[in-house]
$ cat input.cif   # mmCIF, C-alpha atoms, pLDDT in the B column; chains and numbers go by the auth columns
data_protein
loop_
_atom_site.group_PDB
_atom_site.id
_atom_site.type_symbol
_atom_site.label_atom_id
_atom_site.label_comp_id
_atom_site.label_asym_id
_atom_site.label_seq_id
_atom_site.Cartn_x
_atom_site.Cartn_y
_atom_site.Cartn_z
_atom_site.B_iso_or_equiv
_atom_site.auth_seq_id
_atom_site.auth_asym_id
ATOM 1 C CA MET A 1 -88.160 -32.745 27.084 47.00 1 A
ATOM 2 C CA ARG A 2 -88.847 -30.581 30.030 51.00 2 A
ATOM 3 C CA ASN A 3 -86.535 -27.911 31.364 52.00 3 A
ATOM 4 C CA ILE A 4 -83.848 -27.978 28.637 55.00 4 A
ATOM 5 C CA ALA A 5 -81.002 -25.532 29.142 55.00 5 A
ATOM 6 C CA LYS A 6 -79.507 -23.733 26.180 73.00 6 A
ATOM 7 C CA LYS A 7 -77.945 -26.340 23.941 74.00 7 A
ATOM 8 C CA ASP A 8 -74.627 -24.483 23.860 77.00 8 A
ATOM 9 C CA SER A 9 -74.331 -24.563 27.659 87.00 9 A
ATOM 10 C CA LEU A 10 -74.599 -28.365 27.874 93.00 10 A
ATOM 11 C CA VAL A 11 -71.432 -30.433 28.129 92.00 11 A
ATOM 12 C CA ASP A 12 -70.797 -32.894 25.298 93.00 12 A
ATOM 13 C CA ILE A 13 -69.593 -36.173 26.801 93.00 13 A
ATOM 14 C CA LYS A 14 -67.402 -36.845 23.757 93.00 14 A
ATOM 15 C CA ASP A 15 -65.190 -34.037 25.077 92.00 15 A
ATOM 16 C CA ILE A 16 -64.762 -35.634 28.503 93.00 16 A
ATOM 17 C CA ASP A 17 -61.598 -37.642 29.021 92.00 17 A
ATOM 18 C CA ILE A 18 -61.618 -39.915 32.060 90.00 18 A
ATOM 19 C CA ASN A 19 -58.494 -41.683 33.296 91.00 19 A
ATOM 20 C CA THR A 20 -59.452 -45.364 33.224 92.00 20 A
ATOM 21 C CA LYS A 21 -56.683 -46.148 35.697 95.00 21 A
ATOM 22 C CA LEU A 22 -58.586 -44.380 38.462 94.00 22 A
ATOM 23 C CA GLU A 23 -60.699 -46.488 40.788 95.00 23 A
ATOM 24 C CA PRO A 24 -64.377 -46.645 39.741 93.00 24 A
ATOM 25 C CA SER A 25 -65.690 -44.257 42.394 93.00 25 A
ATOM 26 C CA LYS A 26 -63.128 -41.606 41.391 95.00 26 A
ATOM 27 C CA ARG A 27 -63.952 -42.086 37.688 94.00 27 A
ATOM 28 C CA ILE A 28 -67.635 -41.594 38.445 93.00 28 A
ATOM 29 C CA GLN A 29 -66.928 -38.472 40.483 94.00 29 A
ATOM 30 C CA LYS A 30 -64.682 -37.071 37.736 94.00 30 A
ATOM 31 C CA PHE A 31 -67.418 -37.679 35.141 92.00 31 A
ATOM 32 C CA ILE A 32 -70.033 -35.948 37.300 93.00 32 A
ATOM 33 C CA ASP A 33 -67.682 -33.027 37.965 94.00 33 A
ATOM 34 C CA GLU A 34 -66.992 -32.560 34.259 93.00 34 A
ATOM 35 C CA VAL A 35 -70.475 -33.198 32.834 93.00 35 A
ATOM 36 C CA LYS A 36 -71.992 -30.827 35.437 92.00 36 A
ATOM 37 C CA ASN A 37 -75.427 -32.448 35.148 90.00 37 A
ATOM 38 C CA PRO A 38 -75.413 -36.228 34.615 89.00 38 A
ATOM 39 C CA TYR A 39 -79.144 -36.109 33.805 89.00 39 A
ATOM 40 C CA LEU A 40 -78.848 -33.532 31.010 92.00 40 A
ATOM 41 C CA PHE A 41 -75.936 -33.388 28.586 93.00 41 A
ATOM 42 C CA LYS A 42 -75.033 -33.759 24.923 93.00 42 A
ATOM 43 C CA CYS A 43 -73.611 -36.749 23.085 92.00 43 A
ATOM 44 C CA GLU A 44 -72.108 -35.750 19.744 90.00 44 A
ATOM 45 C CA GLY A 45 -74.441 -32.771 19.623 86.00 45 A
ATOM 46 C CA MET A 46 -77.623 -34.656 20.547 90.00 46 A
ATOM 47 C CA ILE A 47 -79.289 -33.634 23.803 91.00 47 A
ATOM 48 C CA VAL A 48 -79.692 -36.514 26.250 90.00 48 A
ATOM 49 C CA GLU A 49 -82.065 -36.155 29.196 89.00 49 A
ATOM 50 C CA SER A 50 -82.408 -38.930 31.762 85.00 50 A
ATOM 51 C CA VAL A 51 -85.703 -39.124 33.600 80.00 51 A
ATOM 52 C CA PHE A 52 -87.159 -41.700 35.919 79.00 52 A
ATOM 53 C CA SER A 53 -90.645 -43.111 35.839 77.00 53 A
ATOM 54 C CA SER A 54 -92.750 -44.813 38.449 81.00 54 A
ATOM 55 C CA ASP A 55 -94.369 -47.224 35.979 86.00 55 A
ATOM 56 C CA ASN A 56 -91.767 -50.007 36.513 84.00 56 A
ATOM 57 C CA HIS A 57 -90.752 -50.202 32.831 84.00 57 A
ATOM 58 C CA THR A 58 -87.034 -50.682 32.241 86.00 58 A
ATOM 59 C CA LEU A 59 -84.915 -48.897 29.662 83.00 59 A
ATOM 60 C CA SER A 60 -84.766 -52.186 27.788 88.00 60 A
ATOM 61 C CA ASP A 61 -88.588 -52.364 27.747 89.00 61 A
ATOM 62 C CA ARG A 62 -88.828 -48.841 26.384 87.00 62 A
ATOM 63 C CA LEU A 63 -86.168 -49.411 23.718 88.00 63 A
ATOM 64 C CA LYS A 64 -87.922 -52.554 22.514 92.00 64 A
ATOM 65 C CA GLN A 65 -91.183 -50.621 22.370 91.00 65 A
ATOM 66 C CA TYR A 66 -89.522 -47.801 20.437 90.00 66 A
ATOM 67 C CA PHE A 67 -87.926 -50.078 17.866 92.00 67 A
ATOM 68 C CA ARG A 68 -91.200 -51.935 17.295 92.00 68 A
ATOM 69 C CA ILE A 69 -92.816 -48.581 16.524 91.00 69 A
ATOM 70 C CA VAL A 70 -90.133 -47.368 14.074 84.00 70 A
ATOM 71 C CA GLU A 71 -89.817 -50.649 12.131 70.00 71 A
#
$ encode --input "input.cif" --output "C-alpha cells"
Amino acid sequence: MRNIAKKDSLVDIKDIDINTKLEPSKRIQKFIDEVKNPYLFKCEGMIVESVFSSDNHTLSDRLKQYFRIVE
C-alpha cells in the first residue's frame, strides 16, 4: 500500500451508522462525510485501500486470480 495514514486515524466503517431510510444520494454523502476518505479506511481493524488501474482488469478478475493463487 502506498501512502497509508496512521492506522489509528482511519475510520472503521463498522462504526458508521447510515439511516437506510434516506434517499441513496444522501446515504452516499453521509457515508463519505463520516468515513472521511472513501479510498482509505478500516473494516474491523483491517486497512482497506481502493486504487484504480488502467489495465482493464475488474475486481472480479483480480479476486479470481487471488483465490487461484492461495488455493
$ residues_around --input "input.cif" --residues "range 11-20 of chain A" --least-positions-apart "4" --cutoff "10 Å" --atoms "only C-alpha atoms" --output "number ranges by chain"
A: 7, 24, 26-28, 30-31, 34-38, 40-48
$ write_last_selection --input "input.cif" --atoms "C-alpha atoms" --output "PDB file, in the coordinates of the input"
ATOM      1  CA  LYS A   7     -77.945 -26.340  23.941  1.00 74.00           C
ATOM      2  CA  PRO A  24     -64.377 -46.645  39.741  1.00 93.00           C
ATOM      3  CA  LYS A  26     -63.128 -41.606  41.391  1.00 95.00           C
ATOM      4  CA  ARG A  27     -63.952 -42.086  37.688  1.00 94.00           C
ATOM      5  CA  ILE A  28     -67.635 -41.594  38.445  1.00 93.00           C
ATOM      6  CA  LYS A  30     -64.682 -37.071  37.736  1.00 94.00           C
ATOM      7  CA  PHE A  31     -67.418 -37.679  35.141  1.00 92.00           C
ATOM      8  CA  GLU A  34     -66.992 -32.560  34.259  1.00 93.00           C
ATOM      9  CA  VAL A  35     -70.475 -33.198  32.834  1.00 93.00           C
ATOM     10  CA  LYS A  36     -71.992 -30.827  35.437  1.00 92.00           C
ATOM     11  CA  ASN A  37     -75.427 -32.448  35.148  1.00 90.00           C
ATOM     12  CA  PRO A  38     -75.413 -36.228  34.615  1.00 89.00           C
ATOM     13  CA  LEU A  40     -78.848 -33.532  31.010  1.00 92.00           C
ATOM     14  CA  PHE A  41     -75.936 -33.388  28.586  1.00 93.00           C
ATOM     15  CA  LYS A  42     -75.033 -33.759  24.923  1.00 93.00           C
ATOM     16  CA  CYS A  43     -73.611 -36.749  23.085  1.00 92.00           C
ATOM     17  CA  GLU A  44     -72.108 -35.750  19.744  1.00 90.00           C
ATOM     18  CA  GLY A  45     -74.441 -32.771  19.623  1.00 86.00           C
ATOM     19  CA  MET A  46     -77.623 -34.656  20.547  1.00 90.00           C
ATOM     20  CA  ILE A  47     -79.289 -33.634  23.803  1.00 91.00           C
ATOM     21  CA  VAL A  48     -79.692 -36.514  26.250  1.00 90.00           C
TER      22      VAL A  48
END
$ atom_distance --input "input.cif" --atom1 "CA of Asn56 in chain A" --atom2 "CA of Val70 in chain A"
22.7 Å
$ atom_distance --input "input.cif" --atom1 "CA of Gln65 in chain A" --atom2 "CA of Tyr39 in chain A"
22.1 Å
$ atom_distance --input "input.cif" --atom1 "CA of Asp33 in chain A" --atom2 "CA of Asp8 in chain A"
17.9 Å
$ residues_around --input "input.cif" --residues "Ser53 in chain A" --least-positions-apart "5" --cutoff "12 Å" --atoms "all atoms listed in the file" --output "list in words"
Thr58, Leu59 and Arg62 of chain A
$ axis_aligned_box --input "input.cif" --around "range 49-66 of chain A" --padding-each-side "3 Å" --output "lines of an AutoDock Vina configuration file"
center_x = -88.2
center_y = -44.4
center_z = 29.4
size_x = 18.3
size_y = 22.4
size_z = 24.0
$ decode --input "input.cif" --residues "chain A" --atoms "C-alpha atoms" --output "JSON list (two decimals), in the first residue's frame"
[["chain", "number", "residue", "atom", "x", "y", "z"],
["A", 1, "MET", "CA", 0.00, 0.00, 0.00],
["A", 2, "ARG", "CA", 1.16, 3.45, -0.78],
["A", 3, "ASN", "CA", 0.55, 6.49, 1.36],
["A", 4, "ILE", "CA", -1.07, 4.82, 4.40],
["A", 5, "ALA", "CA", -2.06, 7.19, 7.18],
["A", 6, "LYS", "CA", -1.62, 6.16, 10.79],
["A", 7, "LYS", "CA", -3.88, 3.20, 11.40],
["A", 8, "ASP", "CA", -5.46, 4.85, 14.44],
["A", 9, "SER", "CA", -6.53, 7.89, 12.39],
["A", 10, "LEU", "CA", -8.51, 5.83, 9.86],
["A", 11, "VAL", "CA", -12.26, 5.48, 10.29],
["A", 12, "ASP", "CA", -13.58, 1.95, 10.80],
["A", 13, "ILE", "CA", -16.70, 1.51, 8.68],
["A", 14, "LYS", "CA", -18.20, -0.86, 11.26],
["A", 15, "ASP", "CA", -18.65, 2.23, 13.43],
["A", 16, "ILE", "CA", -20.61, 4.13, 10.78],
["A", 17, "ASP", "CA", -24.37, 4.02, 11.09],
["A", 18, "ILE", "CA", -26.27, 5.14, 8.00],
["A", 19, "ASN", "CA", -30.02, 5.73, 8.02],
["A", 20, "THR", "CA", -31.33, 3.37, 5.33],
["A", 21, "LYS", "CA", -34.49, 5.44, 5.03],
["A", 22, "LEU", "CA", -32.55, 8.28, 3.42],
["A", 23, "GLU", "CA", -32.53, 8.50, -0.35],
["A", 24, "PRO", "CA", -29.47, 6.85, -1.94],
["A", 25, "SER", "CA", -27.62, 10.06, -2.78],
["A", 26, "LYS", "CA", -27.96, 11.29, 0.82],
["A", 27, "ARG", "CA", -26.80, 7.91, 2.18],
["A", 28, "ILE", "CA", -23.74, 8.06, -0.06],
["A", 29, "GLN", "CA", -22.96, 11.61, 1.04],
["A", 30, "LYS", "CA", -23.40, 10.67, 4.71],
["A", 31, "PHE", "CA", -21.02, 7.71, 4.27],
["A", 32, "ILE", "CA", -18.40, 9.90, 2.59],
["A", 33, "ASP", "CA", -18.76, 12.57, 5.28],
["A", 34, "GLU", "CA", -18.28, 10.02, 8.06],
["A", 35, "VAL", "CA", -15.57, 7.83, 6.51],
["A", 36, "LYS", "CA", -13.55, 10.96, 5.57],
["A", 37, "ASN", "CA", -11.67, 9.12, 2.82],
["A", 38, "PRO", "CA", -13.71, 6.53, 0.89],
["A", 39, "TYR", "CA", -10.49, 5.22, -0.70],
["A", 40, "LEU", "CA", -8.69, 4.53, 2.59],
["A", 41, "PHE", "CA", -10.43, 3.26, 5.71],
["A", 42, "LYS", "CA", -10.60, 0.31, 8.09],
["A", 43, "CYS", "CA", -13.05, -2.58, 8.17],
["A", 44, "GLU", "CA", -12.99, -4.37, 11.52],
["A", 45, "GLY", "CA", -9.42, -3.22, 12.03],
["A", 46, "MET", "CA", -8.14, -4.20, 8.58],
["A", 47, "ILE", "CA", -6.90, -1.36, 6.38],
["A", 48, "VAL", "CA", -8.72, -1.14, 3.05],
["A", 49, "GLU", "CA", -7.23, 0.94, 0.24],
["A", 50, "SER", "CA", -9.06, 1.33, -3.07],
["A", 51, "VAL", "CA", -6.92, 2.02, -6.10],
["A", 52, "PHE", "CA", -7.69, 2.11, -9.78],
["A", 53, "SER", "CA", -5.69, 0.54, -12.55],
["A", 54, "SER", "CA", -5.51, 1.22, -16.25],
["A", 55, "ASP", "CA", -5.07, -2.44, -17.19],
["A", 56, "ASN", "CA", -8.84, -3.09, -17.67],
["A", 57, "HIS", "CA", -8.99, -5.93, -15.11],
["A", 58, "THR", "CA", -12.11, -5.94, -12.95],
["A", 59, "LEU", "CA", -12.26, -6.54, -9.22],
["A", 60, "SER", "CA", -13.85, -9.89, -10.02],
["A", 61, "ASP", "CA", -10.89, -10.78, -12.27],
["A", 62, "ARG", "CA", -8.42, -9.90, -9.54],
["A", 63, "LEU", "CA", -10.32, -11.82, -6.85],
["A", 64, "LYS", "CA", -10.45, -14.92, -9.03],
["A", 65, "GLN", "CA", -6.72, -14.58, -9.65],
["A", 66, "TYR", "CA", -6.05, -14.17, -5.93],
["A", 67, "PHE", "CA", -8.08, -17.21, -4.91],
["A", 68, "ARG", "CA", -6.40, -19.37, -7.55],
["A", 69, "ILE", "CA", -3.05, -18.39, -6.04],
["A", 70, "VAL", "CA", -4.00, -19.11, -2.40],
["A", 71, "GLU", "CA", -5.71, -22.47, -3.06]]
